[in-house]
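The file upload37.txt comes next; it holds compact mmCIF, C-alpha atoms.
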# COMPACT_ATOMS: atom_id res chain seq x y z
CA MET A 101 0.00 0.00 0.00
CA ASN A 102 1.30 3.47 -0.77
CA GLU A 103 1.16 6.42 1.57
CA THR A 104 -2.01 7.93 0.13
CA GLU A 105 -3.90 4.68 0.32
CA LEU A 106 -2.80 4.11 3.92
CA GLU A 107 -3.90 7.60 4.85
CA LYS A 108 -7.29 6.93 3.24
CA ILE A 109 -7.71 3.69 5.16
CA GLU A 110 -7.05 5.42 8.45
CA GLN A 111 -9.52 8.20 7.58
CA TYR A 112 -12.12 5.69 6.47
CA LEU A 113 -11.90 3.56 9.61
CA ASN A 114 -11.98 6.63 11.86
CA ASN A 115 -15.07 8.02 10.11
CA GLU A 116 -13.20 11.12 9.03
CA MET A 117 -14.27 11.15 5.38
CA THR A 118 -16.95 13.33 3.86
CA PRO A 119 -19.95 11.34 2.57
CA GLU A 120 -18.65 11.79 -1.00
CA GLU A 121 -15.13 10.62 -0.14
CA ARG A 122 -16.60 7.68 1.72
CA ALA A 123 -18.80 6.60 -1.16
CA GLY A 124 -15.84 6.91 -3.52
CA PHE A 125 -13.57 4.86 -1.30
CA GLU A 126 -16.20 2.18 -0.80
CA LEU A 127 -16.55 1.90 -4.57
CA GLN A 128 -12.80 1.51 -4.83
CA ILE A 129 -12.78 -1.20 -2.13
CA ALA A 130 -15.59 -3.06 -3.85
CA GLY A 131 -13.57 -3.36 -7.04
CA ASP A 132 -10.22 -4.20 -5.50
CA GLU A 133 -9.95 -7.43 -3.55
CA ALA A 134 -6.40 -6.85 -2.31
CA LEU A 135 -7.33 -3.43 -0.94
CA ARG A 136 -10.48 -4.85 0.62
CA ASN A 137 -8.51 -7.56 2.45
CA TYR A 138 -5.95 -5.01 3.54
CA VAL A 139 -8.57 -2.68 5.03
CA GLN A 140 -10.16 -5.63 6.79
CA LEU A 141 -6.81 -6.68 8.28
CA TYR A 142 -5.98 -3.12 9.31
CA ASP A 143 -9.33 -2.85 11.06
CA THR A 144 -9.04 -6.25 12.76
CA ILE A 145 -5.61 -5.43 14.17
CA ASP A 146 -6.83 -2.07 15.45
CA LYS A 147 -9.94 -3.58 17.05
CA THR A 148 -8.08 -6.54 18.54
CA MET A 149 -5.57 -4.32 20.26
CA LYS A 150 -7.83 -1.52 21.48
CA VAL A 151 -8.06 -1.57 25.24
CA GLU A 152 -11.71 -1.70 26.07
CA ASN A 153 -13.37 -0.56 29.22
CA THR A 154 -15.77 -2.91 30.89
CA SER A 155 -19.20 -2.24 29.45
CA PRO A 156 -22.09 -1.31 31.75
CA ASP A 157 -23.89 -4.41 30.38
CA GLU A 158 -21.10 -6.58 31.64
CA ASN A 159 -21.37 -5.11 35.13
CA GLU A 160 -25.11 -5.80 35.08
CA LEU A 161 -24.47 -9.40 34.04
CA ARG A 162 -21.91 -9.74 36.81
CA LYS A 163 -24.61 -8.81 39.33
CA THR A 164 -26.96 -11.47 37.97
CA LEU A 165 -24.22 -14.08 38.07
CA GLN A 166 -23.27 -13.19 41.63
CA GLN A 167 -26.86 -13.79 42.73
CA MET A 168 -26.94 -17.12 40.92
CA ASN A 169 -23.59 -18.10 42.39
CA ARG A 170 -24.94 -17.59 45.88
CA LYS A 171 -27.92 -19.73 45.05
CA TYR A 172 -26.23 -22.57 43.21
CA PHE A 173 -22.84 -22.78 44.85
CA ALA A 174 -23.57 -21.94 48.50
CA GLU A 175 -23.07 -24.58 51.17
CA ALA A 176 -26.51 -23.63 52.55
CA GLY A 177 -28.18 -25.89 49.98
CA LYS A 178 -27.27 -28.96 52.02
CA VAL A 179 -29.86 -28.21 54.72
CA ILE A 180 -32.61 -29.71 52.55
CA GLN A 181 -31.29 -33.23 53.01
CA GLY A 182 -33.17 -33.94 56.29
CA SER A 183 -35.82 -36.70 55.98
CA PHE A 184 -38.23 -35.81 58.80
CA LYS A 185 -41.11 -33.53 58.07
CA LYS A 186 -40.19 -31.42 61.05
CA TRP A 187 -36.72 -30.95 59.65
CA LEU A 188 -38.12 -30.13 56.26
CA ALA A 189 -40.20 -27.41 57.82
CA VAL A 190 -37.17 -26.07 59.68
CA ALA A 191 -35.09 -26.29 56.52
CA ALA A 192 -37.76 -24.51 54.53
CA SER A 193 -37.92 -21.67 57.01
CA VAL A 194 -34.12 -21.44 57.08
CA ILE A 195 -34.11 -21.20 53.30
CA ILE A 196 -36.76 -18.51 53.36
CA LEU A 197 -34.77 -16.57 55.96
CA VAL A 198 -31.53 -16.97 54.02
CA THR A 199 -33.16 -16.00 50.75
CA ALA A 200 -34.82 -13.03 52.40
CA GLY A 201 -31.48 -12.12 53.96
CA ILE A 202 -29.67 -12.34 50.64
CA TYR A 203 -32.40 -10.31 49.00
CA PHE A 204 -32.26 -7.75 51.78
CA LEU A 205 -28.46 -7.50 51.57
CA SER A 206 -28.32 -7.30 47.82
CA SER A 207 -31.12 -4.78 47.50
CA ASN A 208 -29.57 -2.46 50.07
CA LYS A 209 -26.36 -0.49 49.91
CA THR A 210 -23.36 -2.77 49.70
CA SER A 211 -20.37 -2.57 52.01
CA PRO A 212 -17.19 -0.74 50.89
CA GLU A 213 -15.31 -4.07 50.70
CA LYS A 214 -17.86 -5.55 48.33
CA LEU A 215 -18.02 -2.40 46.25
CA TYR A 216 -14.26 -2.37 45.95
CA ALA A 217 -14.26 -6.01 44.85
CA GLN A 218 -16.95 -5.23 42.33
CA PHE A 219 -15.35 -2.13 40.84
CA ALA A 220 -11.63 -2.81 41.11
CA ASN A 221 -11.01 -4.77 37.92
CA HIS A 222 -7.35 -4.35 37.16
CA ASP A 223 -6.30 -4.51 33.54
CA ALA A 224 -3.85 -7.26 32.75
CA LEU A 225 -0.26 -6.13 32.59
CA ASN A 226 0.91 -6.66 29.01
CA ILE A 227 4.59 -5.87 29.00
CA GLN A 228 6.60 -4.73 26.05
CA LEU A 229 9.93 -6.44 25.78
CA ARG A 230 12.85 -4.09 25.41
CA GLY A 231 15.47 -6.61 24.45
CA ASN A 232 17.63 -5.84 27.46
CA THR A 233 18.35 -7.31 30.88
CA THR A 234 15.18 -5.93 32.44
CA ASP A 235 13.00 -8.15 30.27
CA SER A 236 12.98 -11.24 32.46
CA LEU A 237 12.28 -9.15 35.55
CA ALA A 238 9.37 -7.52 33.74
CA GLN A 239 8.05 -10.87 32.57
CA ASN A 240 8.12 -12.37 36.05
CA ALA A 241 6.46 -9.30 37.50
CA ALA A 242 3.73 -9.41 34.86
CA ALA A 243 3.13 -13.12 35.38
CA ALA A 244 2.68 -12.62 39.13
CA PHE A 245 0.54 -9.52 38.62
CA ASN A 246 -1.74 -11.21 36.11
CA LYS A 247 -2.48 -14.10 38.44
CA ARG A 248 -3.29 -11.51 41.11
CA SER A 249 -0.34 -12.45 43.31
CA TYR A 250 0.25 -8.81 44.15
CA ALA A 251 2.54 -9.50 47.11
CA GLU A 252 4.74 -11.53 44.80
CA ALA A 253 4.71 -8.95 41.99
CA LEU A 254 5.44 -6.04 44.33
CA PRO A 255 9.17 -6.61 45.08
CA LEU A 256 9.82 -7.43 41.40
CA LEU A 257 8.26 -4.16 40.31
CA GLU A 258 10.16 -2.29 43.00
CA GLN A 259 13.35 -3.68 41.50
CA TYR A 260 12.25 -2.90 37.96
CA ILE A 261 11.18 0.75 38.32
CA PRO A 262 14.63 2.21 39.15
CA LEU A 263 15.98 0.46 36.04
CA GLN A 264 13.22 1.82 33.78
CA PRO A 265 11.97 4.94 35.56
CA ASP A 266 9.97 6.10 32.53
CA ASP A 267 7.83 3.00 32.33
CA ILE A 268 4.52 4.44 33.49
CA GLN A 269 2.60 1.24 32.93
CA MET A 270 4.85 -0.65 35.33
CA LYS A 271 4.78 2.20 37.82
CA PHE A 272 1.01 2.08 37.68
CA SER A 273 1.01 -1.66 38.26
CA LEU A 274 3.31 -1.17 41.23
CA SER A 275 0.85 1.25 42.77
CA ILE A 276 -1.94 -1.31 42.26
CA CYS A 277 0.21 -3.83 44.14
CA TYR A 278 0.63 -1.33 46.98
CA LEU A 279 -3.11 -0.78 47.00
CA GLU A 280 -3.90 -4.50 47.02
CA THR A 281 -1.45 -5.20 49.83
CA GLY A 282 -2.76 -2.34 51.99
CA LYS A 283 0.22 0.00 51.60
CA TYR A 284 -2.07 2.93 50.99
CA ASN A 285 0.39 5.81 51.45
CA ALA A 286 2.73 4.45 48.81
CA ALA A 287 -0.17 3.71 46.46
CA ASP A 288 -1.84 7.08 46.89
CA SER A 289 1.32 9.07 46.25
CA ILE A 290 1.93 7.32 42.91
CA PHE A 291 -1.72 7.65 41.87
CA LEU A 292 -1.61 11.35 42.72
CA ASN A 293 1.60 11.80 40.80
CA ILE A 294 0.25 10.07 37.68
CA ALA A 295 -3.19 11.68 37.92
CA SER A 296 -1.68 15.15 37.87
CA GLY A 297 0.61 14.30 34.94
CA GLN A 298 0.00 14.26 31.21
CA THR A 299 0.43 10.58 30.41
CA ALA A 300 -2.09 8.13 29.03
CA TYR A 301 -2.65 6.91 32.59
CA ALA A 302 -3.82 10.19 34.09
CA THR A 303 -7.56 9.49 33.92
CA THR A 304 -7.10 5.92 35.08
CA ALA A 305 -5.06 7.14 38.02
CA GLN A 306 -7.86 9.48 39.04
CA TRP A 307 -10.30 6.57 39.08
CA TYR A 308 -7.82 4.58 41.17
CA GLN A 309 -7.57 7.41 43.68
CA ALA A 310 -11.28 6.88 44.24
CA LEU A 311 -10.87 3.09 44.48
CA SER A 312 -8.08 3.49 47.01
CA VAL A 313 -10.08 5.64 49.42
CA LEU A 314 -13.04 3.29 48.91
CA LYS A 315 -10.86 0.39 50.03
CA GLN A 316 -9.84 2.50 53.03
CA LYS A 317 -13.56 3.01 53.72
CA GLU A 318 -13.33 6.78 53.45
CA ILE A 319 -16.67 7.22 51.79
CA THR A 320 -16.83 11.02 51.87
CA LYS A 321 -13.42 11.37 50.24
CA CYS A 322 -14.38 8.76 47.70
CA ARG A 323 -17.52 10.69 46.81
CA THR A 324 -15.51 13.92 46.38
CA ILE A 325 -13.02 12.29 44.03
CA LEU A 326 -15.74 10.58 42.01
CA ASN A 327 -17.58 13.86 41.62
CA SER A 328 -14.44 15.49 40.29
CA ILE A 329 -14.05 12.95 37.46
CA PRO A 330 -14.95 14.92 34.35
CA GLN A 331 -17.68 13.89 31.94
CA SER A 332 -15.03 13.48 29.24
CA SER A 333 -13.16 10.82 31.23
CA SER A 334 -13.54 7.24 30.05
CA PHE A 335 -14.29 6.40 33.68
CA SER A 336 -17.18 8.83 33.96
CA ALA A 337 -19.87 6.11 33.60
CA LYS A 338 -18.20 3.86 36.14
CA ALA A 339 -17.79 6.78 38.54
CA LYS A 340 -21.51 7.55 38.35
CA GLU A 341 -22.39 3.93 38.89
CA LEU A 342 -20.18 3.69 41.97
CA LEU A 343 -21.56 6.99 43.33
CA LYS A 344 -25.03 5.50 43.24
CA GLU A 345 -23.95 2.45 45.20
CA LEU A 346 -21.89 4.16 47.90
CA PRO A 347 -23.29 3.75 51.41
CA ASP A 348 -24.53 6.96 53.06
CA MET B 172 -23.24 -22.00 9.67
CA ASN B 173 -26.60 -22.23 11.41
CA PRO B 174 -26.78 -21.64 15.12
CA HIS B 175 -27.54 -24.64 17.34
CA PRO B 176 -30.84 -24.34 19.27
CA ASP B 177 -28.67 -23.99 22.39
CA HIS B 178 -27.40 -20.68 20.99
CA LYS B 179 -30.27 -19.24 23.06
CA TYR B 180 -27.96 -19.50 26.08
CA ILE B 181 -25.31 -17.36 24.40
CA GLU B 182 -27.97 -14.80 23.54
CA ALA B 183 -29.23 -14.91 27.12
CA LEU B 184 -25.73 -14.08 28.35
CA ALA B 185 -25.47 -11.25 25.85
CA ARG B 186 -28.67 -9.57 27.01
CA ASN B 187 -28.57 -10.58 30.69
CA ASP B 188 -31.75 -12.67 30.60
CA SER B 189 -31.93 -13.89 34.18
CA VAL B 190 -34.54 -16.60 33.54
CA LEU B 191 -32.41 -18.42 30.98
CA ILE B 192 -29.23 -17.70 32.93
CA GLU B 193 -30.80 -19.41 35.90
CA GLU B 194 -31.51 -22.36 33.63
CA ILE B 195 -27.79 -22.47 32.77
CA TYR B 196 -26.97 -22.68 36.46
CA ARG B 197 -29.68 -25.23 37.18
CA GLN B 198 -28.67 -27.51 34.35
CA PHE B 199 -24.91 -27.15 34.11
CA ALA B 200 -23.41 -25.73 37.31
CA GLY B 201 -23.53 -29.10 39.08
CA ARG B 202 -21.28 -30.88 36.59
CA VAL B 203 -18.73 -28.08 36.60
CA LYS B 204 -18.73 -28.07 40.39
CA GLN B 205 -18.10 -31.83 40.43
CA MET B 206 -15.29 -31.51 37.92
CA VAL B 207 -13.53 -28.81 39.95
CA ILE B 208 -13.98 -30.52 43.31
CA LYS B 209 -12.74 -33.85 41.89
CA ASN B 210 -9.65 -32.05 40.64
CA ASN B 211 -8.10 -30.21 43.58
CA GLY B 212 -10.56 -27.35 43.77
CA ASN B 213 -13.29 -26.26 46.14
CA GLU B 214 -16.77 -24.85 45.78
CA THR B 215 -15.55 -21.24 45.66
CA ASP B 216 -13.11 -22.10 42.87
CA ALA B 217 -15.98 -23.68 40.95
CA ALA B 218 -18.19 -20.62 41.45
CA ASP B 219 -15.41 -18.27 40.30
CA LEU B 220 -14.61 -20.42 37.30
CA PHE B 221 -18.23 -20.72 36.24
CA GLN B 222 -18.80 -16.97 36.56
CA GLU B 223 -15.67 -16.00 34.65
CA VAL B 224 -16.45 -18.38 31.80
CA LEU B 225 -19.98 -17.00 31.49
CA ILE B 226 -18.60 -13.44 31.45
CA GLU B 227 -16.18 -14.44 28.72
CA LEU B 228 -19.00 -15.92 26.66
CA HIS B 229 -20.94 -12.68 27.14
CA ARG B 230 -18.00 -10.72 25.72
CA LYS B 231 -17.62 -13.05 22.75
CA ALA B 232 -21.33 -12.78 22.05
CA VAL B 233 -21.45 -9.01 22.26
CA LYS B 234 -18.17 -8.02 20.66
CA GLN B 235 -17.47 -10.85 18.25
CA GLN B 236 -20.94 -12.09 17.38
CA PHE B 237 -19.97 -15.60 18.44
CA ILE B 238 -22.38 -18.23 17.06
CA LEU B 239 -22.73 -21.54 18.89
CA THR B 240 -23.15 -24.42 16.46
CA CYS B 241 -22.92 -27.33 18.91
CA PRO B 242 -24.65 -28.39 22.15
CA PHE B 243 -24.02 -25.90 24.94
CA GLU B 244 -23.31 -28.47 27.64
CA ALA B 245 -20.37 -30.14 25.88
CA PHE B 246 -19.01 -26.76 24.82
CA LEU B 247 -19.30 -25.23 28.30
CA HIS B 248 -17.69 -28.29 29.80
CA LEU B 249 -14.72 -28.03 27.44
CA VAL B 250 -14.22 -24.31 28.10
CA CYS B 251 -14.48 -24.75 31.90
CA ARG B 252 -12.26 -27.83 31.84
CA ASN B 253 -9.47 -26.16 29.88
CA ARG B 254 -9.65 -23.04 32.00
CA TRP B 255 -9.43 -25.11 35.13
CA ILE B 256 -6.41 -26.99 33.76
CA ASN B 257 -4.74 -23.63 33.16
CA GLU B 258 -5.59 -22.46 36.65
CA LEU B 259 -4.16 -25.64 38.20
CA HIS B 260 -1.10 -25.26 36.04
CA LYS B 261 -0.58 -21.74 37.39
CA ARG B 262 -1.10 -22.84 40.99
CA LYS B 263 1.12 -25.90 40.84
CA GLY B 264 3.70 -24.70 38.36
CA HIS B 265 3.58 -27.91 36.34
CA THR B 266 1.19 -29.48 33.86
CA VAL B 267 -1.73 -31.47 35.20
CA THR B 268 -4.18 -34.00 33.87
CA ILE B 269 -7.77 -33.97 34.86
CA SER B 270 -10.48 -36.55 35.47
CA GLY B 271 -14.25 -36.29 35.21
CA ASP B 272 -14.72 -36.08 31.46
CA GLU B 273 -16.98 -39.13 31.50
CA GLY B 274 -20.05 -38.67 29.38
CA PHE B 275 -18.71 -35.74 27.39
CA SER B 276 -17.69 -36.51 23.88
CA VAL B 277 -15.62 -33.73 22.42
CA ASN B 278 -16.57 -34.21 18.80
CA GLU B 279 -15.19 -32.11 15.97
CA ASN B 280 -18.04 -29.68 16.14
CA VAL B 281 -17.45 -28.84 19.79
CA ALA B 282 -13.71 -28.49 19.22
CA GLU B 283 -14.36 -26.15 16.31
CA ASN B 284 -16.57 -23.91 18.43
CA TYR B 285 -13.87 -23.81 21.07
CA GLU B 286 -11.22 -22.89 18.50
CA ALA B 287 -13.38 -20.00 17.28
CA LEU B 288 -13.49 -18.78 20.85
CA LEU B 289 -9.71 -18.78 21.03
CA THR B 290 -9.04 -17.11 17.68
CA VAL B 291 -9.05 -13.60 19.03
CA GLU B 292 -6.56 -14.46 21.77
CA LYS B 293 -4.32 -16.11 19.21
CA ARG B 294 -4.50 -13.08 16.93
CA LYS B 295 -3.59 -10.88 19.84
CA ASN B 296 -0.60 -13.03 20.73
CA LEU B 297 0.65 -12.95 17.17
CA ILE B 298 0.30 -9.16 16.95
CA GLU B 299 2.06 -8.69 20.27
CA GLU B 300 4.87 -10.97 19.21
CA LYS B 301 5.43 -8.97 16.03
CA LEU B 302 5.04 -5.66 17.82
CA ALA B 303 7.86 -6.65 20.15
CA ASN B 304 10.15 -6.92 17.12
CA MET B 305 9.44 -3.37 16.00
CA GLY B 306 11.28 -0.20 16.94
CA GLU B 307 10.44 1.57 20.16
CA GLY B 308 8.96 4.56 18.30
CA CYS B 309 6.31 2.45 16.60
CA ARG B 310 5.63 0.39 19.70
CA ASP B 311 4.95 3.43 21.86
CA LEU B 312 2.86 5.19 19.27
CA LEU B 313 0.69 2.17 18.46
CA SER B 314 0.21 1.24 22.11
CA LEU B 315 -0.88 4.77 22.90
CA SER B 316 -3.22 4.88 19.91
CA TRP B 317 -4.86 1.68 21.20
CA SER B 318 -5.16 2.97 24.75
CA GLY B 319 -8.52 4.56 23.99
CA LYS B 320 -7.17 8.08 23.60
CA PRO B 321 -7.96 10.14 20.51
CA LEU B 322 -4.98 10.59 18.20
CA GLN B 323 -4.92 14.33 19.00
CA GLU B 324 -4.19 13.50 22.62
CA VAL B 325 -1.58 10.93 21.62
CA ALA B 326 0.15 13.65 19.62
CA GLN B 327 0.22 15.92 22.67
CA ILE B 328 1.63 13.20 24.89
CA LEU B 329 4.40 12.38 22.44
CA ASN B 330 4.99 16.04 21.71
CA PHE B 331 4.46 15.66 17.95
CA THR B 332 2.06 17.39 15.62
CA TYR B 333 -1.21 15.65 14.88
CA ALA B 334 -0.35 15.35 11.18
CA TYR B 335 2.95 13.67 11.99
CA VAL B 336 1.40 11.19 14.42
CA ARG B 337 -1.23 10.24 11.87
CA LYS B 338 1.30 9.65 9.15
CA LYS B 339 3.56 7.76 11.54
CA LYS B 340 0.68 5.59 12.73
CA THR B 341 -0.17 4.47 9.21
CA GLU B 342 3.50 3.72 8.54
CA CYS B 343 3.81 1.66 11.72
CA MET B 344 0.57 -0.17 10.94
CA SER B 345 1.82 -0.96 7.47
CA LYS B 346 5.03 -2.42 8.91
CA LEU B 347 3.11 -4.38 11.52
CA ILE B 348 0.73 -5.73 8.88
CA SER B 349 3.59 -7.04 6.73
CA LEU B 350 5.17 -8.74 9.76
CA VAL B 351 1.88 -10.31 10.79
CA LYS B 352 1.13 -11.47 7.25
CA GLU B 353 4.50 -13.19 6.95
CA ALA B 354 3.92 -15.25 10.11
CA PRO B 355 3.46 -18.99 9.45
CA GLY B 356 0.20 -19.16 11.42
CA PHE B 357 -1.34 -16.13 9.77
CA SER B 358 -3.93 -17.61 7.43
CA ALA B 359 -5.22 -20.09 10.03
CA LEU B 360 -6.49 -17.15 12.09
CA LYS B 361 -9.04 -16.06 9.46
CA TRP B 362 -8.64 -12.31 9.71

What does the file become when written as structure tokens?
Amino acid sequence: MNETELEKIEQYLNNEMTPEERAGFELQIAGDEALRNYVQLYDTIDKTMKVENTSPDENELRKTLQQMNRKYFAEAGKVIQGSFKKWLAVAASVIILVTAGIYFLSSNKTSPEKLYAQFANHDALNIQLRGNTTDSLAQNAAAAFNKRSYAEALPLLEQYIPLQPDDIQMKFSLSICYLETGKYNAADSIFLNIASGQTAYATTAQWYQALSVLKQKEITKCRTILNSIPQSSSFSAKAKELLKELPD
Amino acid sequence: MNPHPDHKYIEALARNDSVLIEEIYRQFAGRVKQMVIKNNGNETDAADLFQEVLIELHRKAVKQQFILTCPFEAFLHLVCRNRWINELHKRKGHTVTISGDEGFSVNENVAENYEALLTVEKRKNLIEEKLANMGEGCRDLLSLSWSGKPLQEVAQILNFTYAYVRKKKTECMSKLISLVKEAPGFSALKW
């Protein structure tokens, strides 16, 4: 593909063409199989690699599944096994109470711990190899991080950062490890630093500032931070959702 | 290919239909629980596994228009089973075999559905592998452009003009595409 064609593909896929240009390009694609395949491949690579935020639908589904999990995986189900009528009656009332309890708990405001568990979905750490000695350290750190062994990932990241101080992604992951292991001061200072910077992680860091105070059960602070997340942030929808669920 | 009647379960996961989702739990959760408990797991592991697999199917349904062309039970069993093997592998640090497959025949059709589910992951691995071979300039620019930020913002971050970043992005993409196309496994991934 030459430069002009590449430029056109990018414009086309980003919806930056005028209706006339678009129609013209589509006509060109229709008559040129190689170009058509190329555009398709370009688009697939772009879509495959785009980091996507969790959709609101997915969070809704998660709620449904959590309810079902309680019902179908709880140990409480075993009570029904009694053979006497008396026991059946007792069991039935226990089930009613438990169900009512679950309903009551799930329909009311959830605790900060549960909210944190629900909202803190850390992105996997996909490292970029640099072809130098830090690679294996980075790989081990990422492997531990991605299986949620934050205590194990933490010292590896602490070793890595001084060697690659510009690696914001790794710095961010380190602060998540601090957060997960309860080292809030360390976590908060990195989040603050990144949130007030200009990198790609600034908006994410702001959202994590809110998650951190939520985990520390500082609801008022959490509300303030959430309210300060701008409409333009990709975390704006999540912030609103969490605001609704925060206990009073 | 035509969807299997059990495709209704995939649709139910896509639109969060709690009645059908409950049917999934009622019919299939028990077998998955047994499989996990028989193989070094507990009830919580089984619940986590089941939930994560259903979430994954939701994503495939919504974002990739996944069509189920085989019975749901055999398919779900295969996905859960392989995920659980991976989880055990991570926990133990060595490969494991698993028991409890009795009564599930993994015929070609089921295997094919499972492969379709994995295609996107495989594509991603291939792209990442090729990306790692590219220069740092391209790697940074492409990663930033995929981070969800508009290209204008990417330009600001990298301290380039918008026009330059655009041109550079298409150049990097063109390089990446040639690398990906040359890979031996390329055509099997049906881009």

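Counting all atoms listed in the file and comparing A:Gln228, A:Asn221, A:Asn114, A:Gln269, the residue that lies closest to chain B is A:Gln228.
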
Would you kindly return, as a PDB file with C-alpha atoms, in the coordinates of the input, each protein, DNA or RNA residue with an atom no farther than 8 Å from any atom of range 297-305 of chain A, considering only C-alpha atoms and excluding same-chain residues fewer than 5 positions away?
ATOM      1  CA  ILE A 268       4.520   4.440  33.490  1.00  0.00           C
ATOM      2  CA  GLN A 269       2.600   1.240  32.930  1.00  0.00           C
ATOM      3  CA  PHE A 272       1.010   2.080  37.680  1.00  0.00           C
ATOM      4  CA  PHE A 291      -1.720   7.650  41.870  1.00  0.00           C
ATOM      5  CA  LEU A 292      -1.610  11.350  42.720  1.00  0.00           C
ATOM      6  CA  SER A 333     -13.160  10.820  31.230  1.00  0.00           C
ATOM      7  CA  SER A 334     -13.540   7.240  30.050  1.00  0.00           C
ATOM      8  CA  PHE A 335     -14.290   6.400  33.680  1.00  0.00           C
TER       9      PHE A 335
ATOM     10  CA  LEU B 315      -0.880   4.770  22.900  1.00  0.00           C
ATOM     11  CA  SER B 318      -5.160   2.970  24.750  1.00  0.00           C
ATOM     12  CA  LYS B 320      -7.170   8.080  23.600  1.00  0.00           C
ATOM     13  CA  VAL B 325      -1.580  10.930  21.620  1.00  0.00           C
ATOM     14  CA  ILE B 328       1.630  13.200  24.890  1.00  0.00           C
TER      15      ILE B 328
END

Give the padded box for range 114-127 of chain A as lines of an AutoDock Vina configuration file: axis-aligned, covering all atoms listed in the file, 3 Å on each side, centre and edge lengths in Å to one decimal.
center_x = -16.0
center_y = 7.6
center_z = 3.6
size_x = 14.0
size_y = 17.4
size_z = 22.4

Non-local contacts of Phe199 in chain B (10 Å; all atoms listed in the file; under 4 positions in same chain excluded) as a PyMOL selection string: chain B and resi 193-195+203-204+221+243-245+247-248

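Interatomic distance, CA of Gln128 in chain A to CA of Gln323 in chain B: 28.2 Å.
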
Proximity of chain A to chain B: per-residue shortest pair, 8 Å limit, only C-alpha atoms, as JSON lines:
{"residue": "A:Met101", "atom": "CA", "partner": "B:Ser345", "partner_atom": "CA", "distance": 7.7}
{"residue": "A:Glu103", "atom": "CA", "partner": "B:Glu342", "partner_atom": "CA", "distance": 7.8}
{"residue": "A:Leu106", "atom": "CA", "partner": "B:Thr341", "partner_atom": "CA", "distance": 5.9}
{"residue": "A:Glu107", "atom": "CA", "partner": "B:Thr341", "partner_atom": "CA", "distance": 6.5}
{"residue": "A:Glu110", "atom": "CA", "partner": "B:Thr341", "partner_atom": "CA", "distance": 7.0}
{"residue": "A:Gln140", "atom": "CA", "partner": "B:Trp362", "partner_atom": "CA", "distance": 7.4}
{"residue": "A:Leu141", "atom": "CA", "partner": "B:Trp362", "partner_atom": "CA", "distance": 6.1}
{"residue": "A:Tyr142", "atom": "CA", "partner": "B:Ile348", "partner_atom": "CA", "distance": 7.2}
{"residue": "A:Thr144", "atom": "CA", "partner": "B:Trp362", "partner_atom": "CA", "distance": 6.8}
{"residue": "A:Ile145", "atom": "CA", "partner": "B:Ile298", "partner_atom": "CA", "distance": 7.5}
{"residue": "A:Asp146", "atom": "CA", "partner": "B:Trp317", "partner_atom": "CA", "distance": 7.1}
{"residue": "A:Thr148", "atom": "CA", "partner": "B:Lys295", "partner_atom": "CA", "distance": 6.4}
{"residue": "A:Met149", "atom": "CA", "partner": "B:Trp317", "partner_atom": "CA", "distance": 6.1}
{"residue": "A:Lys150", "atom": "CA", "partner": "B:Trp317", "partner_atom": "CA", "distance": 4.4}
{"residue": "A:Val151", "atom": "CA", "partner": "B:Ser318", "partner_atom": "CA", "distance": 5.4}
{"residue": "A:Glu152", "atom": "CA", "partner": "B:Gly319", "partner_atom": "CA", "distance": 7.3}
{"residue": "A:Asp157", "atom": "CA", "partner": "B:Asn187", "partner_atom": "CA", "distance": 7.8}
{"residue": "A:Glu158", "atom": "CA", "partner": "B:Ile226", "partner_atom": "CA", "distance": 7.3}
{"residue": "A:Glu160", "atom": "CA", "partner": "B:Asn187", "partner_atom": "CA", "distance": 7.4}
{"residue": "A:Leu161", "atom": "CA", "partner": "B:Asn187", "partner_atom": "CA", "distance": 5.4}
{"residue": "A:Arg162", "atom": "CA", "partner": "B:Ile226", "partner_atom": "CA", "distance": 7.3}
{"residue": "A:Thr164", "atom": "CA", "partner": "B:Ser189", "partner_atom": "CA", "distance": 6.7}
{"residue": "A:Leu165", "atom": "CA", "partner": "B:Gln222", "partner_atom": "CA", "distance": 6.3}
{"residue": "A:Gln166", "atom": "CA", "partner": "B:Gln222", "partner_atom": "CA", "distance": 7.7}
{"residue": "A:Met168", "atom": "CA", "partner": "B:Glu193", "partner_atom": "CA", "distance": 6.7}
{"residue": "A:Asn169", "atom": "CA", "partner": "B:Ala218", "partner_atom": "CA", "distance": 6.0}
{"residue": "A:Tyr172", "atom": "CA", "partner": "B:Tyr196", "partner_atom": "CA", "distance": 6.8}
{"residue": "A:Phe173", "atom": "CA", "partner": "B:Ala218", "partner_atom": "CA", "distance": 6.2}
{"residue": "A:Ala174", "atom": "CA", "partner": "B:Glu214", "partner_atom": "CA", "distance": 7.9}
{"residue": "A:Gln228", "atom": "CA", "partner": "B:Ala303", "partner_atom": "CA", "distance": 6.3}
{"residue": "A:Leu229", "atom": "CA", "partner": "B:Ala303", "partner_atom": "CA", "distance": 6.0}
{"residue": "A:Arg230", "atom": "CA", "partner": "B:Ala303", "partner_atom": "CA", "distance": 7.7}
{"residue": "A:Lys247", "atom": "CA", "partner": "B:Lys261", "partner_atom": "CA", "distance": 7.9}
{"residue": "A:Gln298", "atom": "CA", "partner": "B:Ile328", "partner_atom": "CA", "distance": 6.6}
{"residue": "A:Thr299", "atom": "CA", "partner": "B:Ile328", "partner_atom": "CA", "distance": 6.2}
{"residue": "A:Ala300", "atom": "CA", "partner": "B:Leu315", "partner_atom": "CA", "distance": 7.1}

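Take CA of Thr240 in chain B and CA of Leu228 in chain B: the distance between them is 13.9 Å.
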
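Between CA of Trp307 in chain A and CA of Lys234 in chain B there is a distance of 24.8 Å.
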